[in-house]
Amino acid sequence: MIAAGTSLLSLSPEEQREYTLTDFESQMPRWCPGCGDSSVLVSMQRLLANEGMAPDQTVFVSGIGCSGRFPHYLNTYGFHGLHGRALPVATGVKLHRPDLNVFVVMGDGDCMSIGAGHWVHATRYNTDMVALLLDNNVYGLTKNQTSPTTPQGHPTLTQPGGSYLPPLNPVSATLGISNASFVAQTAEWLPPHLYATLQAASRHKGFSFVRIMQRCPKFVDNIFSNYIEHPELIELIEHEDGVTVPALERTHKVRRQHDPSDLDAARSLAEDEEVLRLGIFYRDADRPTYETTRALPQHSAQEKLELLSEELDRHAI
């Protein structure tokens, strides 16, 4: 990403290049028609092009689920990993190559069920990368099973009488983890807000956690319909250090000023679920990133071989 105020004359030819959406297009997506993942993909392609992130300097890591195919549909480096293990893989990538732009894409089960331990510690480590939670409130790829965010009482194949437990609140839970530095929430059916939030997350130095409310037209086609049909049920939280989206002024008039540096206020807003709040809940750019606190010495390939030989010689009989 090109820093603000940087002269184009000081950049290399590759850095001066302007990118378009086609530079980041890969395979034709095979998600269901109307899947919210497609909206997130297009917004991400726009972001990469507009922010000047070179494809060979950008990595997308995913786990399992419908969101797991995200790296296949972007012309960047990608790693389609194991269920729930996207965050440790991405952390390893960033620690070894801190110069890369690293994005993690997870579903609600991928992140908050089998991957819950990694989610907690990735937040605590504050590694400089963007974690996207594509939350459709259900296990879609495994055909309509209850997930950690399924609304209580909503019927699924695993709980036909309705989900037994209250859903987990990803934003509130993340704000409760020590050393959280960026927590936001947006919705894929509001592309201007989605893009503005992704842009803010990508520019944050630290671990950016973004929950994206995402429709699944196959199994939970009506879960977010009330918010779509009644925009007054959505409250946009705004601030000069948050996100402000003028394109939504005519349709989404319920707004709240919130200073994202106020952690207590952020937690209070997240826990109050009377309305759906979208925006940046918390942001602290002063927290040190994990890779800077444990920076490893850089060695050439020859030096690595010499060090390896030296270590092996110590164990030779």
# chains A, B, ... in the order shown; residues from 1 in each chain; ligands from 1

$ residues_around --residues "segment 296-309 of chain A" --least-positions-apart "3" --cutoff "12 Å" --atoms "only C-alpha atoms" --output "ChimeraX atom specification"
/A:94-98,290-293,312-316

$ write_last_selection --atoms "all heavy atoms" --output "short mmCIF file (atom, residue, chain, number, x, y, z; two decimals), in the first residue's frame"
data_model
loop_
_atom_site.label_atom_id
_atom_site.label_comp_id
_atom_site.auth_asym_id
_atom_site.auth_seq_id
_atom_site.Cartn_x
_atom_site.Cartn_y
_atom_site.Cartn_z
N LYS A 94 2.93 -13.88 8.26
CA LYS A 94 3.28 -12.49 8.59
C LYS A 94 4.58 -12.39 9.38
O LYS A 94 5.37 -11.46 9.18
CB LYS A 94 2.13 -11.84 9.39
CG LYS A 94 2.28 -10.33 9.56
CD LYS A 94 2.19 -9.59 8.24
CE LYS A 94 2.34 -8.09 8.42
NZ LYS A 94 2.18 -7.34 7.16
N LEU A 95 4.83 -13.34 10.26
CA LEU A 95 6.07 -13.30 11.04
C LEU A 95 7.28 -13.52 10.15
O LEU A 95 8.34 -12.92 10.36
CB LEU A 95 6.03 -14.35 12.15
CG LEU A 95 5.04 -14.10 13.29
CD1 LEU A 95 5.12 -15.22 14.31
CD2 LEU A 95 5.31 -12.76 13.97
N HIS A 96 7.14 -14.40 9.16
CA HIS A 96 8.26 -14.67 8.27
C HIS A 96 8.41 -13.61 7.19
O HIS A 96 9.54 -13.31 6.77
CB HIS A 96 8.08 -16.04 7.61
CG HIS A 96 9.29 -16.48 6.84
ND1 HIS A 96 10.49 -16.78 7.45
CD2 HIS A 96 9.49 -16.67 5.51
CE1 HIS A 96 11.37 -17.13 6.52
NE2 HIS A 96 10.80 -17.07 5.34
N ARG A 97 7.28 -13.05 6.74
CA ARG A 97 7.31 -12.02 5.70
C ARG A 97 6.46 -10.82 6.14
O ARG A 97 5.35 -10.61 5.66
CB ARG A 97 6.77 -12.59 4.38
CG ARG A 97 7.71 -13.55 3.69
CD ARG A 97 8.96 -12.86 3.14
NE ARG A 97 8.59 -11.78 2.23
CZ ARG A 97 8.33 -11.95 0.93
NH1 ARG A 97 8.41 -13.16 0.40
NH2 ARG A 97 8.02 -10.92 0.17
N PRO A 98 6.98 -10.01 7.08
CA PRO A 98 6.20 -8.87 7.57
C PRO A 98 5.91 -7.81 6.51
O PRO A 98 5.08 -6.93 6.72
CB PRO A 98 7.08 -8.31 8.70
CG PRO A 98 8.45 -8.82 8.40
CD PRO A 98 8.27 -10.15 7.75
N TYR A 290 2.70 -7.81 17.08
CA TYR A 290 3.43 -9.00 17.55
C TYR A 290 4.75 -9.17 16.82
O TYR A 290 5.77 -9.52 17.42
CB TYR A 290 2.54 -10.24 17.35
CG TYR A 290 3.08 -11.51 17.97
CD1 TYR A 290 3.47 -11.55 19.30
CD2 TYR A 290 3.17 -12.68 17.22
CE1 TYR A 290 3.94 -12.72 19.87
CE2 TYR A 290 3.64 -13.86 17.78
CZ TYR A 290 4.02 -13.87 19.11
OH TYR A 290 4.49 -15.03 19.67
N GLU A 291 4.76 -8.91 15.52
CA GLU A 291 5.98 -9.14 14.75
C GLU A 291 7.09 -8.16 15.12
O GLU A 291 8.27 -8.49 14.97
CB GLU A 291 5.71 -9.10 13.24
CG GLU A 291 5.10 -7.80 12.73
CD GLU A 291 3.60 -7.81 12.73
OE1 GLU A 291 3.01 -8.49 13.60
OE2 GLU A 291 3.01 -7.14 11.88
N THR A 292 6.73 -6.98 15.63
CA THR A 292 7.77 -6.03 16.04
C THR A 292 8.31 -6.36 17.42
O THR A 292 9.46 -6.06 17.73
CB THR A 292 7.23 -4.59 16.03
OG1 THR A 292 6.10 -4.50 16.92
CG2 THR A 292 6.80 -4.18 14.64
N THR A 293 7.49 -6.99 18.26
CA THR A 293 7.95 -7.33 19.61
C THR A 293 8.85 -8.56 19.61
O THR A 293 9.58 -8.79 20.57
CB THR A 293 6.76 -7.59 20.55
OG1 THR A 293 5.98 -8.68 20.05
CG2 THR A 293 5.87 -6.36 20.64
N LEU A 312 23.43 -28.95 13.05
CA LEU A 312 23.52 -30.39 12.85
C LEU A 312 24.84 -30.95 13.34
O LEU A 312 24.90 -32.06 13.89
CB LEU A 312 23.30 -30.72 11.37
CG LEU A 312 21.90 -30.45 10.81
CD1 LEU A 312 21.88 -30.68 9.31
CD2 LEU A 312 20.87 -31.33 11.50
N ASP A 313 25.92 -30.20 13.15
CA ASP A 313 27.23 -30.65 13.61
C ASP A 313 27.27 -30.81 15.13
O ASP A 313 28.00 -31.65 15.66
CB ASP A 313 28.32 -29.67 13.17
CG ASP A 313 28.60 -29.73 11.67
OD1 ASP A 313 28.22 -30.75 11.06
OD2 ASP A 313 29.18 -28.78 11.14
N ARG A 314 26.49 -30.02 15.82
CA ARG A 314 26.47 -30.10 17.29
C ARG A 314 25.93 -31.44 17.76
O ARG A 314 26.23 -31.92 18.86
CB ARG A 314 25.58 -29.01 17.89
CG ARG A 314 26.19 -27.62 17.87
CD ARG A 314 25.55 -26.66 18.87
NE ARG A 314 24.09 -26.73 18.93
CZ ARG A 314 23.42 -27.18 19.99
NH1 ARG A 314 24.06 -27.66 21.05
NH2 ARG A 314 22.10 -27.19 19.99
N HIS A 315 25.08 -32.06 16.92
CA HIS A 315 24.45 -33.31 17.31
C HIS A 315 25.09 -34.54 16.66
O HIS A 315 24.63 -35.65 16.83
CB HIS A 315 22.95 -33.28 16.96
CG HIS A 315 22.22 -32.15 17.60
ND1 HIS A 315 21.80 -32.18 18.91
CD2 HIS A 315 21.86 -30.93 17.13
CE1 HIS A 315 21.20 -31.04 19.22
NE2 HIS A 315 21.21 -30.26 18.14
N ALA A 316 26.15 -34.30 15.88
CA ALA A 316 26.83 -35.41 15.21
C ALA A 316 27.59 -36.26 16.22
O ALA A 316 28.15 -35.73 17.19
CB ALA A 316 27.76 -34.89 14.13
#

$ closest_residue --among "A:Thr123, A:Asn75, A:Asn136, A:Asn144" --to "Phe209 of chain A" --atoms "only C-alpha atoms"
A:Thr123

$ atom_distance --atom1 "atom CA of Asp99 of chain A" --atom2 "atom CA of Asp56 of chain A"
11.2 Å

$ closest_residue --among "A:Thr244, A:Thr251, A:Glu188, A:Ala116" --to "Glu229 of chain A" --atoms "only C-alpha atoms"
A:Thr251

$ select_by_dssp --residues "segment 11-65 of chain A" --states "alpha helix (DSSP H)" --output "list in words"
Pro13, Glu14, Glu15, Gln16, Gly36, Asp37, Ser38, Ser39, Val40, Leu41, Val42, Ser43, Met44, Gln45, Arg46, Leu47, Leu48, Ala49 and Asn50 of chain A

$ residues_around --residues "Ala201 of chain A" --least-positions-apart "3" --cutoff "12 Å" --atoms "only C-alpha atoms" --output "PyMOL selection string"
chain A and resi 44+47+101-103+128-132+181-186+194-198+204-211+241-243+279-285

$ closest_residue --among "A:Tyr164, A:Thr20, A:Met28, A:Met53" --to "Arg203 of chain A" --atoms "only C-alpha atoms"
A:Met53

$ atom_distance --atom1 "atom CA of His118 of chain A" --atom2 "atom CA of Val93 of chain A"
14.9 Å
